[in-house]
>>> print(open('entry-v3.pdb').read())   # PDB, C-alpha atoms
ATOM      1  CA  MET A  28     -91.471  -4.139  34.497
ATOM      2  CA  SER A  29     -90.750  -7.248  32.444
ATOM      3  CA  SER A  30     -90.124 -10.567  34.161
ATOM      4  CA  SER A  31     -86.491 -11.609  34.406
ATOM      5  CA  THR A  32     -87.401 -15.026  32.970
ATOM      6  CA  PRO A  33     -89.155 -14.675  29.614
ATOM      7  CA  ALA A  34     -92.052 -16.985  28.916
ATOM      8  CA  GLU A  35     -91.003 -18.005  25.428
ATOM      9  CA  PRO A  36     -87.896 -16.367  23.898
ATOM     10  CA  ALA A  37     -87.952 -15.638  20.207
ATOM     11  CA  LYS A  38     -86.101 -18.187  18.115
ATOM     12  CA  SER A  39     -82.926 -17.043  16.421
ATOM     13  CA  ALA A  40     -82.566 -17.303  12.682
ATOM     14  CA  LYS A  41     -80.437 -20.420  13.186
ATOM     15  CA  SER A  42     -82.935 -22.224  15.400
ATOM     16  CA  ALA A  43     -86.190 -21.099  13.785
ATOM     17  CA  LYS A  44     -88.373 -23.901  12.490
ATOM     18  CA  PRO A  45     -88.914 -24.048   8.721
ATOM     19  CA  ALA A  46     -92.073 -22.329   7.548
ATOM     20  CA  LYS A  47     -94.986 -24.548   6.600
ATOM     21  CA  THR A  48     -95.426 -25.093   2.892
ATOM     22  CA  THR A  49     -98.461 -24.458   0.796
ATOM     23  CA  LYS A  50    -100.617 -27.564   0.748
ATOM     24  CA  GLY A  51     -99.692 -29.799  -2.157
ATOM     25  CA  ALA A  52     -96.477 -27.953  -3.055
ATOM     26  CA  GLN A  53     -94.001 -30.550  -4.374
ATOM     27  CA  GLY A  54     -90.418 -30.510  -5.546
ATOM     28  CA  ALA A  55     -88.981 -32.389  -8.501
ATOM     29  CA  LYS A  56     -88.909 -35.686  -6.560
ATOM     30  CA  GLY A  57     -92.052 -35.171  -4.518
ATOM     31  CA  ALA A  58     -90.354 -33.373  -1.581
ATOM     32  CA  LYS A  59     -92.203 -30.459  -0.036
ATOM     33  CA  VAL A  60     -90.909 -27.020  -0.952
ATOM     34  CA  VAL A  61     -89.898 -25.031   2.146
ATOM     35  CA  LYS A  62     -90.600 -21.317   2.090
ATOM     36  CA  ALA A  63     -87.810 -19.094   3.365
ATOM     37  CA  PRO A  64     -88.750 -16.924   6.370
ATOM     38  CA  LYS A  65     -89.765 -13.436   5.370
ATOM     39  CA  PRO A  66     -86.973 -10.927   6.132
ATOM     40  CA  GLU A  67     -87.729  -8.227   8.677
ATOM     41  CA  SER A  68     -88.660  -4.910   7.099
ATOM     42  CA  HIS A  69     -86.955  -1.703   8.150
ATOM     43  CA  LEU A  70     -90.183  -0.471   9.736
ATOM     44  CA  ALA A  71     -90.551  -3.702  11.725
ATOM     45  CA  MET A  72     -86.941  -3.397  12.895
ATOM     46  CA  VAL A  73     -87.503   0.189  14.042
ATOM     47  CA  ARG A  74     -90.612  -0.835  15.969
ATOM     48  CA  ARG A  75     -88.742  -3.735  17.587
ATOM     49  CA  ALA A  76     -85.779  -1.477  18.448
ATOM     50  CA  ARG A  77     -88.034   1.075  20.110
ATOM     51  CA  ARG A  78     -89.781  -1.649  22.053
ATOM     52  CA  ILE A  79     -86.398  -2.922  23.273
ATOM     53  CA  ASN A  80     -85.623   0.596  24.498
ATOM     54  CA  ARG A  81     -88.951   0.755  26.355
ATOM     55  CA  GLU A  82     -88.334  -2.644  27.936
ATOM     56  CA  LEU A  83     -84.815  -1.648  28.997
ATOM     57  CA  ALA A  84     -86.216   1.538  30.560
ATOM     58  CA  GLU A  85     -88.329  -0.682  32.827
ATOM     59  CA  VAL A  86     -85.453  -3.037  33.632
ATOM     60  CA  TYR A  87     -82.968  -0.217  34.329
ATOM     61  CA  PRO A  88     -84.957   2.834  35.502
ATOM     62  CA  TYR A  89     -81.831   3.862  37.412
ATOM     63  CA  ALA A  90     -79.439   3.696  34.418
ATOM     64  CA  HIS A  91     -76.739   6.342  34.735
ATOM     65  CA  PRO A  92     -73.147   7.131  33.754
ATOM     66  CA  GLU A  93     -70.919   4.752  35.712
ATOM     67  CA  LEU A  94     -68.111   7.228  36.238
ATOM     68  CA  ASP A  95     -68.017   9.266  39.450
ATOM     69  CA  PHE A  96     -67.918  13.012  38.760
ATOM     70  CA  ARG A  97     -68.972  16.319  40.294
ATOM     71  CA  SER A  98     -68.308  18.672  37.379
ATOM     72  CA  PRO A  99     -67.890  18.658  33.594
ATOM     73  CA  PHE A 100     -64.113  18.749  34.085
ATOM     74  CA  GLU A 101     -64.136  15.677  36.340
ATOM     75  CA  LEU A 102     -66.326  13.781  33.882
ATOM     76  CA  LEU A 103     -64.072  14.736  30.976
ATOM     77  CA  VAL A 104     -60.963  13.558  32.803
ATOM     78  CA  ALA A 105     -62.604  10.357  34.028
ATOM     79  CA  THR A 106     -63.822   9.502  30.532
ATOM     80  CA  VAL A 107     -60.356   9.950  29.061
ATOM     81  CA  LEU A 108     -58.978   7.682  31.787
ATOM     82  CA  SER A 109     -61.630   5.021  31.081
ATOM     83  CA  ALA A 110     -60.027   3.957  27.799
ATOM     84  CA  GLN A 111     -58.847   0.334  27.954
ATOM     85  CA  THR A 112     -59.859  -0.134  31.587
ATOM     86  CA  THR A 113     -62.993  -0.433  33.721
ATOM     87  CA  ASP A 114     -65.052   2.429  35.092
ATOM     88  CA  LEU A 115     -64.510   0.871  38.528
ATOM     89  CA  ARG A 116     -60.731   1.237  38.268
ATOM     90  CA  VAL A 117     -61.147   4.844  37.113
ATOM     91  CA  ASN A 118     -63.499   5.617  40.019
ATOM     92  CA  GLN A 119     -60.984   4.148  42.439
ATOM     93  CA  THR A 120     -58.228   6.305  40.977
ATOM     94  CA  THR A 121     -59.834   9.722  40.456
ATOM     95  CA  PRO A 122     -60.275  10.732  44.133
ATOM     96  CA  ALA A 123     -56.505  11.024  44.547
ATOM     97  CA  LEU A 124     -56.128  12.616  41.117
ATOM     98  CA  PHE A 125     -58.685  15.358  41.772
ATOM     99  CA  ALA A 126     -57.329  15.944  45.258
ATOM    100  CA  ALA A 127     -53.957  16.729  43.665
ATOM    101  CA  TYR A 128     -55.312  18.592  40.602
ATOM    102  CA  PRO A 129     -58.821  19.957  41.269
ATOM    103  CA  THR A 130     -58.920  22.405  38.341
ATOM    104  CA  PRO A 131     -57.731  22.551  34.718
ATOM    105  CA  GLU A 132     -55.165  25.142  35.783
ATOM    106  CA  ASP A 133     -53.765  22.768  38.417
ATOM    107  CA  MET A 134     -53.650  19.839  36.007
ATOM    108  CA  ALA A 135     -52.052  21.916  33.266
ATOM    109  CA  ALA A 136     -49.152  22.664  35.623
ATOM    110  CA  ALA A 137     -48.733  19.034  36.767
ATOM    111  CA  VAL A 138     -45.357  17.310  36.782
ATOM    112  CA  PRO A 139     -45.917  14.405  34.343
ATOM    113  CA  GLU A 140     -44.036  11.829  36.423
ATOM    114  CA  GLU A 141     -46.127  12.643  39.496
ATOM    115  CA  MET A 142     -49.413  12.349  37.617
ATOM    116  CA  GLU A 143     -48.295   9.090  36.022
ATOM    117  CA  GLU A 144     -47.873   7.499  39.438
ATOM    118  CA  ILE A 145     -51.402   8.493  40.466
ATOM    119  CA  ILE A 146     -53.134   7.186  37.338
ATOM    120  CA  ARG A 147     -50.885   4.137  36.852
ATOM    121  CA  PRO A 148     -53.706   1.723  37.908
ATOM    122  CA  THR A 149     -55.763   2.715  34.853
ATOM    123  CA  GLY A 150     -53.116   1.515  32.389
ATOM    124  CA  PHE A 151     -51.498   3.390  29.493
ATOM    125  CA  PHE A 152     -50.651   5.999  32.119
ATOM    126  CA  ARG A 153     -47.989   7.841  30.108
ATOM    127  CA  ALA A 154     -50.251   8.438  27.108
ATOM    128  CA  LYS A 155     -53.150   9.361  29.376
ATOM    129  CA  THR A 156     -51.003  11.779  31.353
ATOM    130  CA  LYS A 157     -49.964  13.492  28.119
ATOM    131  CA  SER A 158     -53.631  13.784  27.061
ATOM    132  CA  LEU A 159     -54.815  15.083  30.435
ATOM    133  CA  ILE A 160     -52.123  17.736  30.684
ATOM    134  CA  GLY A 161     -52.677  18.690  27.039
ATOM    135  CA  LEU A 162     -56.437  19.064  27.345
ATOM    136  CA  SER A 163     -56.013  20.998  30.603
ATOM    137  CA  VAL A 164     -53.630  23.436  28.914
ATOM    138  CA  ALA A 165     -56.179  23.883  26.109
ATOM    139  CA  LEU A 166     -59.006  24.461  28.605
ATOM    140  CA  ARG A 167     -56.884  27.016  30.460
ATOM    141  CA  ASP A 168     -55.605  28.867  27.425
ATOM    142  CA  GLU A 169     -58.503  28.619  24.974
ATOM    143  CA  PHE A 170     -61.666  28.219  27.046
ATOM    144  CA  GLY A 171     -61.027  30.229  30.206
ATOM    145  CA  GLY A 172     -60.620  27.114  32.334
ATOM    146  CA  GLU A 173     -64.104  25.829  31.459
ATOM    147  CA  VAL A 174     -65.107  22.685  29.581
ATOM    148  CA  PRO A 175     -66.856  23.726  26.347
ATOM    149  CA  GLY A 176     -70.385  22.518  25.719
ATOM    150  CA  ARG A 177     -70.069  21.975  21.968
ATOM    151  CA  LEU A 178     -69.055  18.805  20.170
ATOM    152  CA  GLU A 179     -66.852  20.631  17.667
ATOM    153  CA  ASP A 180     -64.843  22.214  20.517
ATOM    154  CA  LEU A 181     -64.541  19.083  22.636
ATOM    155  CA  VAL A 182     -63.149  16.883  19.868
ATOM    156  CA  LYS A 183     -60.300  19.358  19.345
ATOM    157  CA  LEU A 184     -58.987  18.665  22.845
ATOM    158  CA  PRO A 185     -56.069  16.188  23.164
ATOM    159  CA  GLY A 186     -57.300  12.654  23.850
ATOM    160  CA  VAL A 187     -60.950  13.538  23.260
ATOM    161  CA  GLY A 188     -62.807  11.735  20.497
ATOM    162  CA  ARG A 189     -66.443  11.681  19.528
ATOM    163  CA  LYS A 190     -67.385   9.033  22.102
ATOM    164  CA  THR A 191     -65.840  10.990  24.979
ATOM    165  CA  ALA A 192     -67.418  14.216  23.734
ATOM    166  CA  ASN A 193     -70.883  12.637  23.637
ATOM    167  CA  VAL A 194     -70.453  11.293  27.180
ATOM    168  CA  VAL A 195     -69.607  14.774  28.456
ATOM    169  CA  LEU A 196     -72.309  16.544  26.453
ATOM    170  CA  GLY A 197     -75.053  14.117  27.424
ATOM    171  CA  ASN A 198     -74.244  13.824  31.106
ATOM    172  CA  ALA A 199     -72.704  17.167  32.059
ATOM    173  CA  PHE A 200     -74.578  19.522  29.721
ATOM    174  CA  GLY A 201     -77.831  17.727  28.927
ATOM    175  CA  VAL A 202     -77.103  17.729  25.191
ATOM    176  CA  PRO A 203     -78.456  14.475  23.655
ATOM    177  CA  GLY A 204     -75.813  12.143  22.289
ATOM    178  CA  ILE A 205     -75.258   8.465  21.478
ATOM    179  CA  THR A 206     -72.198   6.904  23.088
ATOM    180  CA  VAL A 207     -70.923   4.012  20.993
ATOM    181  CA  ASP A 208     -68.557   1.985  23.146
ATOM    182  CA  THR A 209     -67.767  -1.720  22.767
ATOM    183  CA  HIS A 210     -70.900  -2.786  24.661
ATOM    184  CA  PHE A 211     -73.204  -0.545  22.628
ATOM    185  CA  GLY A 212     -71.750  -1.679  19.308
ATOM    186  CA  ARG A 213     -71.936  -5.354  20.252
ATOM    187  CA  LEU A 214     -75.566  -5.217  21.341
ATOM    188  CA  VAL A 215     -76.963  -3.198  18.434
ATOM    189  CA  ARG A 216     -75.374  -5.705  16.060
ATOM    190  CA  ARG A 217     -76.813  -8.639  18.019
ATOM    191  CA  TRP A 218     -80.214  -6.978  17.855
ATOM    192  CA  LYS A 219     -79.796  -6.494  14.073
ATOM    193  CA  TRP A 220     -80.258  -2.752  14.216
ATOM    194  CA  THR A 221     -77.174  -2.450  12.031
ATOM    195  CA  ASP A 222     -74.240  -4.531  10.854
ATOM    196  CA  GLU A 223     -71.875  -1.534  10.792
ATOM    197  CA  GLU A 224     -68.620  -1.863  12.740
ATOM    198  CA  ASP A 225     -67.388   1.739  12.566
ATOM    199  CA  PRO A 226     -68.590   3.635  15.684
ATOM    200  CA  VAL A 227     -69.425   6.802  13.745
ATOM    201  CA  LYS A 228     -71.567   4.831  11.288
ATOM    202  CA  VAL A 229     -73.236   2.937  14.134
ATOM    203  CA  GLU A 230     -74.040   6.247  15.799
ATOM    204  CA  ALA A 231     -75.576   7.604  12.594
ATOM    205  CA  VAL A 232     -77.757   4.520  12.050
ATOM    206  CA  VAL A 233     -79.046   4.408  15.635
ATOM    207  CA  ALA A 234     -79.663   8.161  15.622
ATOM    208  CA  GLY A 235     -82.045   7.559  12.717
ATOM    209  CA  ILE A 236     -84.038   4.973  14.670
ATOM    210  CA  PHE A 237     -84.708   6.958  17.848
ATOM    211  CA  PRO A 238     -85.834  10.501  18.579
ATOM    212  CA  LYS A 239     -83.068  12.771  19.779
ATOM    213  CA  SER A 240     -84.595  13.051  23.245
ATOM    214  CA  GLU A 241     -83.870   9.333  23.816
ATOM    215  CA  TRP A 242     -80.232   9.253  22.738
ATOM    216  CA  THR A 243     -78.459   9.764  26.077
ATOM    217  CA  MET A 244     -80.638   7.439  28.148
ATOM    218  CA  LEU A 245     -80.693   4.830  25.383
ATOM    219  CA  SER A 246     -76.895   4.770  25.569
ATOM    220  CA  HIS A 247     -76.955   4.175  29.325
ATOM    221  CA  ARG A 248     -79.574   1.427  29.089
ATOM    222  CA  VAL A 249     -77.785  -0.459  26.330
ATOM    223  CA  VAL A 250     -74.420  -0.238  28.095
ATOM    224  CA  PHE A 251     -76.012  -1.339  31.393
ATOM    225  CA  HIS A 252     -77.531  -4.352  29.646
ATOM    226  CA  GLY A 253     -74.242  -5.242  27.965
ATOM    227  CA  ARG A 254     -72.340  -5.136  31.237
ATOM    228  CA  ARG A 255     -74.908  -7.002  33.311
ATOM    229  CA  ILE A 256     -76.613  -9.554  31.056
ATOM    230  CA  CYS A 257     -75.617  -9.519  27.378
ATOM    231  CA  HIS A 258     -71.916 -10.189  27.879
ATOM    232  CA  ALA A 259     -69.403 -10.477  25.054
ATOM    233  CA  ARG A 260     -68.298 -14.079  25.551
ATOM    234  CA  LYS A 261     -71.256 -15.706  27.277
ATOM    235  CA  PRO A 262     -74.481 -13.712  27.304
ATOM    236  CA  ALA A 263     -77.044 -14.774  29.908
ATOM    237  CA  CYS A 264     -79.827 -15.410  27.382
ATOM    238  CA  GLY A 265     -81.910 -17.478  29.794
ATOM    239  CA  ALA A 266     -82.109 -14.585  32.271
ATOM    240  CA  CYS A 267     -82.626 -11.840  29.688
ATOM    241  CA  PRO A 268     -85.875  -9.861  30.035
ATOM    242  CA  ILE A 269     -85.840  -8.839  26.361
ATOM    243  CA  ALA A 270     -85.076 -12.297  24.938
ATOM    244  CA  PRO A 271     -88.393 -12.460  23.006
ATOM    245  CA  LEU A 272     -87.246  -9.401  21.048
ATOM    246  CA  CYS A 273     -83.700 -10.627  20.354
ATOM    247  CA  PRO A 274     -82.902 -12.264  16.997
ATOM    248  CA  SER A 275     -79.630 -13.572  18.468
ATOM    249  CA  TYR A 276     -81.243 -15.470  21.348
ATOM    250  CA  GLY A 277     -79.331 -18.685  21.928
ATOM    251  CA  GLU A 278     -75.811 -17.325  21.408
ATOM    252  CA  GLY A 279     -75.347 -17.635  25.162
ATOM    253  CA  GLU A 280     -76.581 -19.754  28.063
ATOM    254  CA  THR A 281     -80.335 -20.417  27.720
ATOM    255  CA  ASP A 282     -80.881 -22.446  30.895
ATOM    256  CA  PRO A 283     -82.498 -19.975  33.362
ATOM    257  CA  GLU A 284     -80.646 -21.224  36.447
ATOM    258  CA  LYS A 285     -77.241 -21.307  34.756
ATOM    259  CA  ALA A 286     -77.895 -17.935  33.130
ATOM    260  CA  ARG A 287     -78.729 -16.288  36.446
ATOM    261  CA  LYS A 288     -75.281 -17.249  37.724
ATOM    262  CA  LEU A 289     -73.754 -15.165  34.910
ATOM    263  CA  LEU A 290     -75.445 -11.911  35.949
ATOM    264  CA  LYS A 291     -73.119  -9.116  37.059
ATOM    265  CA  TYR A 292     -73.241  -6.063  39.313
ATOM    266  CA  GLU A 293     -76.575  -5.373  41.004
ATOM    267  CA  MET A 294     -78.363  -7.903  38.789
ATOM    268  CA  GLY A 295     -76.190 -10.606  40.349
ATOM    269  CA  GLY A 296     -76.170  -9.121  43.839
ATOM    270  CA  TYR A 297     -72.708  -7.574  43.565
ATOM    271  CA  PRO A 298     -71.367  -4.002  43.964
ATOM    272  CA  GLY A 299     -71.582  -1.642  41.029
ATOM    273  CA  GLN A 300     -68.751   0.371  39.502
ATOM    274  CA  ARG A 301     -69.332   3.700  41.260
ATOM    275  CA  LEU A 302     -67.997   4.522  44.687
ATOM    276  CA  SER A 303     -70.683   7.210  44.907
ATOM    277  CA  PRO A 304     -73.694   5.914  42.934
ATOM    278  CA  PRO A 305     -76.946   7.851  42.507
ATOM    279  CA  ALA A 306     -79.471   7.618  45.333
ATOM    280  CA  ASP A 307     -81.832   5.408  43.302
ATOM    281  CA  TYR A 308     -79.160   2.819  42.455
ATOM    282  CA  PRO A 309     -80.366  -0.524  43.906
ATOM    283  CA  GLY A 310     -76.915  -2.097  44.185
ATOM    284  CA  LYS A 311     -73.996  -1.708  46.559
ATOM    285  CA  PRO A 312     -71.350   1.019  46.139
ATOM    286  CA  ALA A 313     -68.004  -0.168  44.833
ATOM    287  CA  PRO A 314     -65.083  -0.401  47.289
ATOM    288  CA  ALA A 315     -62.329   2.206  47.316
ATOM    289  CA  LEU A 316     -58.908   1.334  45.905
ATOM    290  CA  GLY A 317     -57.179  -1.111  48.241
ATOM    291  CA  ALA A 318     -60.355  -1.921  50.181
ATOM    292  CA  GLY A 319     -61.694  -5.506  50.602
TER     293      GLY A 319
END
>>> encode(input="entry-v3.pdb", output="structure tokens")
Amino acid sequence: MSSSTPAEPAKSAKSAKPAKTTKGAQGAKGAKVVKAPKPESHLAMVRRARRINRELAEVYPYAHPELDFRSPFELLVATVLSAQTTDLRVNQTTPALFAAYPTPEDMAAAVPEEMEEIIRPTGFFRAKTKSLIGLSVALRDEFGGEVPGRLEDLVKLPGVGRKTANVVLGNAFGVPGITVDTHFGRLVRRWKWTDEEDPVKVEAVVAGIFPKSEWTMLSHRVVFHGRRICHARKPACGACPIAPLCPSYGEGETDPEKARKLLKYEMGGYPGQRLSPPADYPGKPAPALGAG
């Protein structure tokens, strides 16, 4: 496992020292001519990307979906609820939701106003209620009350896009998929794997870098890293175990002591997002809604 404090992080393009010139090379007025750094080849980028994945596998051997679920239906519902909120808030809300509506048939028959009150803490509760009842009706009427295990079927359900479908396929059915959320997109651009902004295009580019067997776990590792270390506003560069491989090193706090104070969840000694985390999770379970 890599050390949490890298020996010598790679310099970013902004901070890299100018390359040495060929001896005797002179400009028009006798100044030395500076050679531009050689751009990274596609093959070199792929090798670096795969090494990052291997390093992250050592840092987060326990990486997992951070939504509590016991069935494909519960994961589907929880993922729909996770839009524009945290997984923690969803996990604190779903116990009451699934107690009231344990099956697609139950949820399809829900009174909208009653469901809205239960899921209100997740935000956008009216739109989410409409999606949950709609997808439950579709599951009941078109799929015999079962969540389908095909991408083309899942994306037809109300409120279910490609990201949600890949979460369900990868974690409930074992079908490899790349989940491009805000964390994933931010990090792959910082790592210069792609400069694409559109999630579908990002997914296509990353799918071409890694073998299919790695897609689901790669998604978990990248999202874990984005939530714990490589934050959006102030990444903890000085505490990043893959800093030597990052071309954007220096965008955040580089002082090791200050960077360590920015670490979140188990990396910073705090509870995670799941109330019922996997047995190998090294952090503390999250508190239930209304608890301390």
>>> closest_residue(input="entry-v3.pdb", among="A:Val250, A:Ala270, A:Leu290, A:Lys219", to="His69 of chain A", atoms="all atoms listed in the file")
A:Lys219
>>> resolve_selection(input="entry-v3.pdb", expression="the PyMOL selection byres ((chain A and resi 188-201) around 7)", output="PyMOL selection string")
chain A and resi 99+102-103+106-107+176+178+181-182+186-187+202-207+243
>>> atom_distance(input="entry-v3.pdb", atom1="atom CA of Leu83 of chain A", atom2="atom CA of Phe251 of chain A")
9.1 Å
>>> atom_distance(input="entry-v3.pdb", atom1="atom CA of Glu278 of chain A", atom2="atom CA of Lys261 of chain A")
7.6 Å
>>> atom_distance(input="entry-v3.pdb", atom1="atom CA of Pro314 of chain A", atom2="atom CA of Asp114 of chain A")
12.5 Å
>>> residues_around(input="entry-v3.pdb", residues="segment 118-126 of chain A", least_positions_apart="3", cutoff="9 Å", atoms="all atoms listed in the file", output="PyMOL selection string")
chain A and resi 93-96+101+104-105+108+113-115+129-130+134+142+145-149+300-303+313-317
>>> residues_around(input="entry-v3.pdb", residues="Arg167 of chain A", least_positions_apart="2", cutoff="10 Å", atoms="only C-alpha atoms", output="PyMOL selection string")
chain A and resi 130-135+161-165+169-174
>>> axis_aligned_box(input="entry-v3.pdb", around="segment 170-180 of chain A", padding_each_side="8 Å", output="JSON")
{"center_x": -65.5, "center_y": 24.5, "center_z": 25.0, "size_x": 25.8, "size_y": 27.4, "size_z": 30.7}
>>> resolve_selection(input="entry-v3.pdb", expression="the PyMOL selection byres ((chain A and resi 272) around 7)", output="JSON, numbers by chain")
{"A": [37, 75, 79, 269, 270, 271, 273, 274]}
